[in-house]
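Q: Below you'll find the structure I mean.
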2 protein chains.
Amino acid sequence: MRDVFHEQLDSVFDDLSEIGKRVEDAVRLGTAALLRGDVELAEQVISADIEIDRARERVEEKAFALLSLQQPVAGDLRTIVAALRMVSELERMGDLSVHVAKVARLRAPNIAVPEEIRPVVARMADVAEDMVARVLAIITGRDVESAIALGRDDEEMDQLRRSSFTQLLSDDWAHGVEAAVDVALLGRYYERIADHAVSVANRVVFVVTGQNPRTVGA
Amino acid sequence: MRDVFHEQLDSVFDDLSEIGKRVEDAVRLGTAALLRGDVELAEQVISADIEIDRARERVEEKAFALLSLQQPVAGDLRTIVAALRMVSELERMGDLSVHVAKVARLRAPNIAVPEEIRPVVARMADVAEDMVARVLAIITGRDVESAIALGRDDEEMDQLRRSSFTQLLSDDWAHGVEAAVDVALLGRYYERIADHAVSVANRVVFVVTGQNPRTVGA
């Protein structure tokens, strides 16, 4: 019985990895659509989101089945509940990529981000994409050290956001309100993608180490 | 044994109501700080958030204890998992109120929102606050009809956001980039508070009716 259980649990984590892959695509392609003003690519990201939503539903089904049929306790229980939360966060990251793609679509064939601030926005996107790729490896390998390191690297995103605001609000900003609002909101979306990546990584730490006394003390 | 279980489950929902009350305060006071440029009130909202975080931890502890000691199945299992998600959403609504308070603090003693657009922002805040108050009643009374109605009323927030963008991006906007960016981000925060309220309400529907075939089919 235990072996079947752990096989099914592994299958839940395989599904999480697969969703992580889809999210990685969404972030990368959403950014490409944004920085090229490519409406078709934007549409592709927007319509692919339904697949992430469906994959989330499948993970939820499996996790509930495991909870109710196998009645796990302690570490196994914690792992399944963590998986349920991770899948919500991954889905949210997909939604945020859709928001990026929608900004791209709204301004295409123009590029929403003025050239002068494009390096900062592109770097935010890179950081977000890199964090998603790393979190994917962390889920797959249940890699605690990398997960802890990911949490520390969140700092660069904050710095990038601050520097984007400095540019937007300087007297030299010559691109008007619309572009400024677009860039501010895009920064928010990338920041949230990074936040969710950190949060997923933290859940992996928790699953593997079981350190958190809040949940094991029960 | 079943009675103890349901008493404990009720106590989890009492905790959720209490957190909902704190969130309601955070939204109301954060907005007051914003619209008055009141730095002390803003600080109050920011420092009170730790209480919401702690209350969330207590709910998580209780829910895990219930899951692992009582081994619930079917409806009861679904209810506890839903409670875990609801508490995450409520905490997020608290965080978003903190973001509102931080914008207030950043611009105080000035008021971040220019007078001309204040009615729209104030209305967004009212809608968000009203949705939080309603979701609180929905949690307390496990009121499915009101929960379904709440989902439908989300539309006004979308309209308000659109009308705020129309104002920000019009040629008549005389308040520069900084105020526009503040208002755009504030709109995003209130919109997200409303989204989370709808999501919590949906979980109540799910808990009470158990309609969702994804989780009961397992």
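Within each chain, counting starts at residue 1; across the structure tokens, chains are named A, B, ... in the order shown, with ligands numbered 1 upward in that order.
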Please identify all polymer residues within 6 Å of segment 78-86 of chain A, counting only C-alpha atoms, omitting same-chain residues fewer than 2 positions from it, and present them as a PyMOL selection string.
A: chain A and resi 75-76+88-89+200+207
Q: When you get a sec, could you note down which chain B residues fall within 8 Å of chain A, using only C-alpha atoms, as a list of chain:residue names?
A: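 Result: B:Glu57, B:Glu60, B:Glu61, B:Lys62, B:Phe64, B:Ala65, B:Leu67, B:Ser68, B:Gln71, B:Pro72, B:Val73, B:Ala74, B:Leu77, B:Val81, B:Arg85, B:Leu168, B:Leu169, B:Gly176, B:Val177, B:Glu178, B:Ala180, B:Val181, B:Ala184, B:Leu185, B:Arg214, B:Thr215, B:Ala218.
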Q: Quick one: distance from atom CA of Leu16 of chain A to atom CA of Leu150 of chain A in Å, one decimal?
A: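 Calculated distance between atom CA of Leu16 of chain A and atom CA of Leu150 of chain A is 17.9 Å.
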Q: Please measure the separation of atom CA of Gln44 of chain A and atom CA of Pro119 of chain A, giving the value in Å to one decimal.
A: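 About the pair atom CA of Gln44 of chain A and atom CA of Pro119 of chain A: they are 24.2 Å apart.
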Q: Between atom CA of Phe5 of chain A and atom CA of Val12 of chain B, what is the distance, to one decimal in Å?
A: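 Separation of atom CA of Phe5 of chain A and atom CA of Val12 of chain B: 28.5 Å.
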Q: Quick one: pick out all alpha helix (DSSP H) residues within segment 34-213 of chain B from a backbone DSSP run and write them as a PyMOL selection string.
A: chain B and resi 34-36+39-70+74-107+118-141+144-152+155-168+176-209+213
Q: Skip Ala201 of chain A itself and residues of its chain fewer than 5 positions away, then list as a PyMOL selection string all residues within 12 Å of it, counting only C-alpha atoms.
A: chain A and resi 20+82-83+85-86+89-90+131-154+194-196+206-208
Q: Select, from A:Ile50, A:Asp14, A:Met93, A:Val198, the residue with the minimum atom-to-atom distance to Val27 of chain A, counting only C-alpha atoms.
A: A:Met93
Q: Extract, using only C-alpha atoms, all DNA, RNA and protein residues at most 12 Å from Ala48 of chain B, discarding same-chain residues fewer than 2 positions from it, and format them as an MDAnalysis selection string.
A: chainID B and resid 19 22:23 25:27 29:30 41:46 50:55 91 94:95 97:98 101
Q: Write out as a list in words the residues lying within 6 Å of segment 105-118 of chain A, counting only C-alpha atoms and excluding same-chain residues fewer than 4 positions away.
A: Gly37, Val39, Ala42 and Ala122 of chain A
Q: Using only all heavy atoms, please write the residues we just selected to a file, as a PDB file, in the first residue's frame.
A:
```pdb
ATOM      1  N   GLY A  37       6.564  43.062 -29.762  1.00  0.00           N
ATOM      2  CA  GLY A  37       5.266  43.547 -30.230  1.00  0.00           C
ATOM      3  C   GLY A  37       4.585  42.537 -31.142  1.00  0.00           C
ATOM      4  O   GLY A  37       3.927  42.888 -32.115  1.00  0.00           O
ATOM      5  N   VAL A  39       1.846  40.062 -31.878  1.00  0.00           N
ATOM      6  CA  VAL A  39       0.485  39.783 -31.430  1.00  0.00           C
ATOM      7  C   VAL A  39       0.153  38.283 -31.511  1.00  0.00           C
ATOM      8  O   VAL A  39      -0.581  37.761 -30.657  1.00  0.00           O
ATOM      9  CB  VAL A  39      -0.552  40.644 -32.202  1.00  0.00           C
ATOM     10  CG1 VAL A  39      -0.692  40.183 -33.639  1.00  0.00           C
ATOM     11  CG2 VAL A  39      -1.891  40.658 -31.505  1.00  0.00           C
ATOM     12  N   ALA A  42       1.607  36.592 -28.554  1.00  0.00           N
ATOM     13  CA  ALA A  42       0.812  36.976 -27.382  1.00  0.00           C
ATOM     14  C   ALA A  42      -0.459  36.124 -27.309  1.00  0.00           C
ATOM     15  O   ALA A  42      -0.798  35.583 -26.256  1.00  0.00           O
ATOM     16  CB  ALA A  42       0.480  38.468 -27.426  1.00  0.00           C
ATOM     17  N   ALA A 122      13.676  43.848 -19.780  1.00  0.00           N
ATOM     18  CA  ALA A 122      14.180  42.562 -20.272  1.00  0.00           C
ATOM     19  C   ALA A 122      14.918  41.819 -19.158  1.00  0.00           C
ATOM     20  O   ALA A 122      14.802  40.598 -19.031  1.00  0.00           O
ATOM     21  CB  ALA A 122      15.101  42.783 -21.471  1.00  0.00           C
TER      22      ALA A 122
END
```
Q: Please list as number ranges by chain every residue within 12 Å of Glu156 of chain A, counting only C-alpha atoms and excluding residues in the same chain fewer than 4 positions away.
A: A: 120, 123-128, 130-131, 150-152, 160-163, 190-191, 194-195
